[in-house]
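These notes are about the structure you will find just below.
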Amino acid sequence: MQYLATLYDREDSSSTPGTPEWDAEMSGYEAFGTKHGAAILGGEALDAGATGRTLRSPSAGAGDALVTDGPFAETAEVIGGYYLLEAETLDDVVEQAADIPAAWKPHGAVEVRPLVMLWAPDEPVEKQPDDTRYLALIYGPEAAAAVPESPEWDEMTARHGRFMEEQAGSLMSGYALHPVATATTVRVRDGQVRVTDGPVHDSPDAIAGAYVVRAADPDAAVAVARAIPTSPGGAVELRPIVEIGEG
């Protein structure tokens, strides 16, 4: 099965590049990649939450989305990156998540949720030199549309199919998640792995899926995000992806 492993931590406790703490953390991620490389389907580091933009849909489902600076939720622990992992069982993916350095941070955690689907276009969309890549996280109150194979799910899936056709040149990949009840949170404290059922944040709004979007500038990314189907009252959070090795 395929899983999304979302990495959470407090930004005010992040290590600073060039310090021994930073070097140790980067070594930890390299070790994770070496140990679990066969299970890693993808992953990205995200820029700080303040660099993001959030589009909130009207609760009635009509009218233009309200665009604000910053992440979707003002929480102490924010998403700093993610991995897409493959594992045979939940125990296996929990074992993988426990080796991710974010799980070892004093305020860190890794939330794992199974994927319903992992999508990529038939013709790969390449990032151009002047492009920025964004992770577009889809939030919303869970309803019948979150349950695979329900009529509401099928209707929402059809809407996303039309969106993917219309925005084919801007979408690099995407995925849909099983309901938040399937989430598991992994933390490591004092060398002990602590596993709890449920997401990192207990909230009526859950991540339903995401797209990786390429765009020439933030306004172009917002234009793509406006077209992403959401439930009434839902939202899309755009976060720039950190391009490792560029610049």
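Chain labels run A, B, ... following the order of the structure tokens; each chain numbers its residues from 1, and ligands are numbered from 1 in the order shown.
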
Report task. Might you pull out every residue within 8 Å of region 125-136 of chain A, with only C-alpha atoms counted and same-chain residues fewer than 6 positions away left off, and present them as a ChimeraX atom specification? Result -> /A:46,169-172,210-217,221,225,236-241

Keeping only N, CA and C atoms, take the residues you just selected and write them out as a CSV table (one decimal), in the first residue's frame.
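As a result, selection-v3.csv now contains:
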```csv
chain,number,residue,atom,x,y,z
A,46,LEU,N,9.3,21.7,2.1
A,46,LEU,CA,8.5,22.8,1.9
A,46,LEU,C,9.1,24.1,2.5
A,169,GLY,N,-1.0,21.2,-18.4
A,169,GLY,CA,0.4,21.7,-18.5
A,169,GLY,C,1.0,22.2,-17.2
A,170,SER,N,0.2,22.3,-16.2
A,170,SER,CA,0.7,22.8,-14.9
A,170,SER,C,0.8,21.8,-13.8
A,171,LEU,N,0.2,20.6,-14.0
A,171,LEU,CA,0.2,19.6,-12.9
A,171,LEU,C,1.3,18.5,-13.1
A,172,MET,N,2.1,18.4,-12.1
A,172,MET,CA,3.2,17.4,-12.2
A,172,MET,C,2.8,16.1,-11.6
A,210,ALA,N,-3.7,16.3,-2.6
A,210,ALA,CA,-2.8,17.4,-3.0
A,210,ALA,C,-2.4,17.3,-4.5
A,211,TYR,N,-1.9,18.3,-5.0
A,211,TYR,CA,-1.2,18.4,-6.3
A,211,TYR,C,0.1,19.0,-6.2
A,212,VAL,N,1.1,18.6,-7.1
A,212,VAL,CA,2.3,19.4,-7.3
A,212,VAL,C,2.1,20.2,-8.5
A,213,VAL,N,2.2,21.5,-8.4
A,213,VAL,CA,1.9,22.5,-9.5
A,213,VAL,C,3.2,23.2,-9.8
A,214,ARG,N,3.4,23.4,-11.1
A,214,ARG,CA,4.5,24.3,-11.5
A,214,ARG,C,3.9,25.6,-12.1
A,215,ALA,N,4.5,26.7,-11.8
A,215,ALA,CA,4.0,28.0,-12.2
A,215,ALA,C,5.2,29.0,-12.3
A,216,ALA,N,5.0,29.9,-13.2
A,216,ALA,CA,6.1,30.9,-13.4
A,216,ALA,C,6.1,31.9,-12.3
A,217,ASP,N,5.0,32.1,-11.6
A,217,ASP,CA,5.0,33.1,-10.5
A,217,ASP,C,3.9,32.8,-9.5
A,221,ALA,N,0.3,30.4,-9.9
A,221,ALA,CA,0.0,29.3,-9.1
A,221,ALA,C,-1.4,29.4,-8.4
A,225,ALA,N,-4.7,27.1,-8.5
A,225,ALA,CA,-5.3,26.6,-7.3
A,225,ALA,C,-6.8,27.0,-7.2
A,236,VAL,N,-7.5,25.5,-0.3
A,236,VAL,CA,-6.3,25.0,-0.9
A,236,VAL,C,-5.1,25.9,-0.3
A,237,GLU,N,-4.2,25.2,0.2
A,237,GLU,CA,-3.0,25.9,0.7
A,237,GLU,C,-1.8,25.6,-0.3
A,238,LEU,N,-1.3,26.7,-0.8
A,238,LEU,CA,-0.1,26.7,-1.7
A,238,LEU,C,1.2,26.9,-0.9
A,239,ARG,N,2.1,25.9,-1.0
A,239,ARG,CA,3.4,26.1,-0.3
A,239,ARG,C,4.5,25.9,-1.3
A,240,PRO,N,5.4,26.8,-1.4
A,240,PRO,CA,6.6,26.6,-2.3
A,240,PRO,C,7.4,25.4,-1.9
A,241,ILE,N,7.8,24.6,-2.9
A,241,ILE,CA,8.7,23.5,-2.7
A,241,ILE,C,10.2,23.9,-2.7
```

Test item: residues at most 12 Å from region 159-163 of chain A, only C-alpha atoms, excluding those fewer than 6 positions along its chain, as number ranges by chain: A: 119, 121, 138, 145, 152-153, 169-171, 174-176, 209-211, 224-231

Using C-alpha atoms, can you write the selected residues to a file as a PDB file, in the first residue's frame?
```pdb
ATOM      1  CA  TRP A 119      -1.583  10.171 -10.043  1.00  0.00           C
ATOM      2  CA  PRO A 121       0.224  12.526 -16.194  1.00  0.00           C
ATOM      3  CA  ILE A 138      -6.620  20.417  -0.385  1.00  0.00           C
ATOM      4  CA  ALA A 145     -17.183  12.848  -0.752  1.00  0.00           C
ATOM      5  CA  GLU A 152     -20.316  11.793  -3.742  1.00  0.00           C
ATOM      6  CA  TRP A 153     -16.772  10.495  -4.146  1.00  0.00           C
ATOM      7  CA  GLY A 169       0.396  21.655 -18.513  1.00  0.00           C
ATOM      8  CA  SER A 170       0.661  22.830 -14.894  1.00  0.00           C
ATOM      9  CA  LEU A 171       0.188  19.602 -12.928  1.00  0.00           C
ATOM     10  CA  GLY A 174      -1.322  14.436  -7.460  1.00  0.00           C
ATOM     11  CA  TYR A 175      -2.831  12.115  -4.912  1.00  0.00           C
ATOM     12  CA  ALA A 176      -5.998  11.431  -2.932  1.00  0.00           C
ATOM     13  CA  GLY A 209      -5.284  15.237  -1.211  1.00  0.00           C
ATOM     14  CA  ALA A 210      -2.790  17.417  -3.027  1.00  0.00           C
ATOM     15  CA  TYR A 211      -1.242  18.352  -6.341  1.00  0.00           C
ATOM     16  CA  VAL A 224      -4.334  27.058 -10.949  1.00  0.00           C
ATOM     17  CA  ALA A 225      -5.309  26.617  -7.297  1.00  0.00           C
ATOM     18  CA  ARG A 226      -8.570  28.502  -7.862  1.00  0.00           C
ATOM     19  CA  ALA A 227      -9.615  25.793 -10.297  1.00  0.00           C
ATOM     20  CA  ILE A 228      -8.961  22.886  -7.890  1.00  0.00           C
ATOM     21  CA  PRO A 229     -12.309  21.316  -6.910  1.00  0.00           C
ATOM     22  CA  THR A 230     -13.083  21.559  -3.187  1.00  0.00           C
ATOM     23  CA  SER A 231     -16.132  20.941  -1.048  1.00  0.00           C
TER      24      SER A 231
END
```

**Message:** Give me, as a PyMOL selection string, the residues of chain A that a backbone DSSP run labels strand (DSSP E).
**Reply:** chain A and resi 2-10+40-45+53-56+66-69+77-86+109-119+132-141+171-177+184-189+192-197+205-215+235-240

Can you list every residue of region 6-116 of chain A that has an atom at most 9 Å from region 179-195 of chain A, with its nearest atom pair and the distance in Å to one decimal, using only C-alpha atoms, ordered by chain then number, as CSV?
```
residue,atom,partner,partner_atom,distance
A:Leu90,CA,A:Thr184,CA,8.8
A:Val94,CA,A:Val186,CA,6.8
A:Glu95,CA,A:Val193,CA,8.8
A:Ala97,CA,A:Val186,CA,6.7
A:Ala98,CA,A:Val186,CA,6.4
A:Asp99,CA,A:Val188,CA,8.9
A:Ala102,CA,A:Arg187,CA,8.3
A:Ala103,CA,A:Arg187,CA,4.7
A:Trp104,CA,A:Val188,CA,4.9
A:Lys105,CA,A:Val188,CA,7.8
A:Pro106,CA,A:Arg189,CA,7.4
A:His107,CA,A:Arg187,CA,8.9
A:Gly108,CA,A:Arg187,CA,6.9
A:Ala109,CA,A:Arg187,CA,5.0
A:Val110,CA,A:Val186,CA,5.2
A:Glu111,CA,A:Thr185,CA,4.4
A:Val112,CA,A:Thr184,CA,5.3
A:Arg113,CA,A:Ala183,CA,4.7
A:Pro114,CA,A:Thr182,CA,7.1
```

- Could you jot down the CA of Pro151 (chain A) to CA of Ala65 (chain A) separation for me, Å, one decimal place?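 Going from CA of Pro151 (chain A) over to CA of Ala65 (chain A), I get 25.5 Å.
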
Residues within 12 Å of region 13-19 of chain A, only C-alpha atoms, excluding chain neighbours under 2 positions, as a list in words =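 These residues fall inside the cut-off: Tyr8, Asp9, Arg10, Glu11, Glu21, Trp22, Asp23, Ala24, Glu25, Met26, Ala48, Ala76, Glu77, Val78, Gly80, Pro101, Ala102, Lys105, Pro106, His107 and Gly108 of chain A.
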
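Note that CA of Leu115 (chain A) and CA of Tyr29 (chain A) are 22.8 Å apart.
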
Taking the DSSP secondary structure from the backbone, can you list the residues of region 61-149 of chain A that are alpha helix (DSSP H), as a list in words?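 Selecting the alpha helix (DSSP H) positions of region 61-149 of chain A gives Leu90, Asp91, Asp92, Val93, Val94, Glu95, Gln96 and Ala97 of chain A.
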
Near Ala45 (chain A), within 9 Å and counting only C-alpha atoms, which residues show up once chain neighbours fewer than 2 positions away are dropped, as JSON, numbers by chain?
{"A": [43, 47, 80, 81, 82, 83, 240, 241, 242, 243, 244]}

Okay, now the selection with N, CA and C atoms, as a CSV table (one decimal), in the first residue's frame?
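Final file, out_25.csv:
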```csv
chain,number,residue,atom,x,y,z
A,43,GLY,N,9.0,12.7,-2.5
A,43,GLY,CA,9.0,13.5,-1.3
A,43,GLY,C,9.6,14.9,-1.5
A,47,ASP,N,8.9,25.2,1.8
A,47,ASP,CA,9.4,26.5,2.4
A,47,ASP,C,8.5,26.8,3.6
A,80,GLY,N,6.4,20.7,7.3
A,80,GLY,CA,7.7,21.1,6.7
A,80,GLY,C,8.1,20.3,5.5
A,81,GLY,N,7.4,19.2,5.2
A,81,GLY,CA,7.7,18.4,4.1
A,81,GLY,C,6.9,17.1,4.1
A,82,TYR,N,7.2,16.2,3.2
A,82,TYR,CA,6.5,15.0,3.1
A,82,TYR,C,7.2,13.9,2.4
A,83,TYR,N,6.9,12.7,2.6
A,83,TYR,CA,7.4,11.6,1.8
A,83,TYR,C,6.1,10.8,1.3
A,240,PRO,N,5.4,26.8,-1.4
A,240,PRO,CA,6.6,26.6,-2.3
A,240,PRO,C,7.4,25.4,-1.9
A,241,ILE,N,7.8,24.6,-2.9
A,241,ILE,CA,8.7,23.5,-2.7
A,241,ILE,C,10.2,23.9,-2.7
A,242,VAL,N,10.9,23.5,-1.7
A,242,VAL,CA,12.4,23.8,-1.7
A,242,VAL,C,13.1,23.0,-2.7
A,243,GLU,N,13.8,23.7,-3.6
A,243,GLU,CA,14.5,23.0,-4.7
A,243,GLU,C,15.9,22.7,-4.2
A,244,ILE,N,16.1,21.5,-3.7
A,244,ILE,CA,17.4,21.1,-3.2
A,244,ILE,C,18.5,21.1,-4.3
```

Item to check | Option closest in space to Gly37 (chain A), from A:Thr89, A:Ser57, A:Gln96, A:Ser173 [counting only C-alpha atoms] | outcome: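 Among A:Thr89, A:Ser57, A:Gln96, A:Ser173, it is A:Gln96 that comes nearest to Gly37 (chain A).
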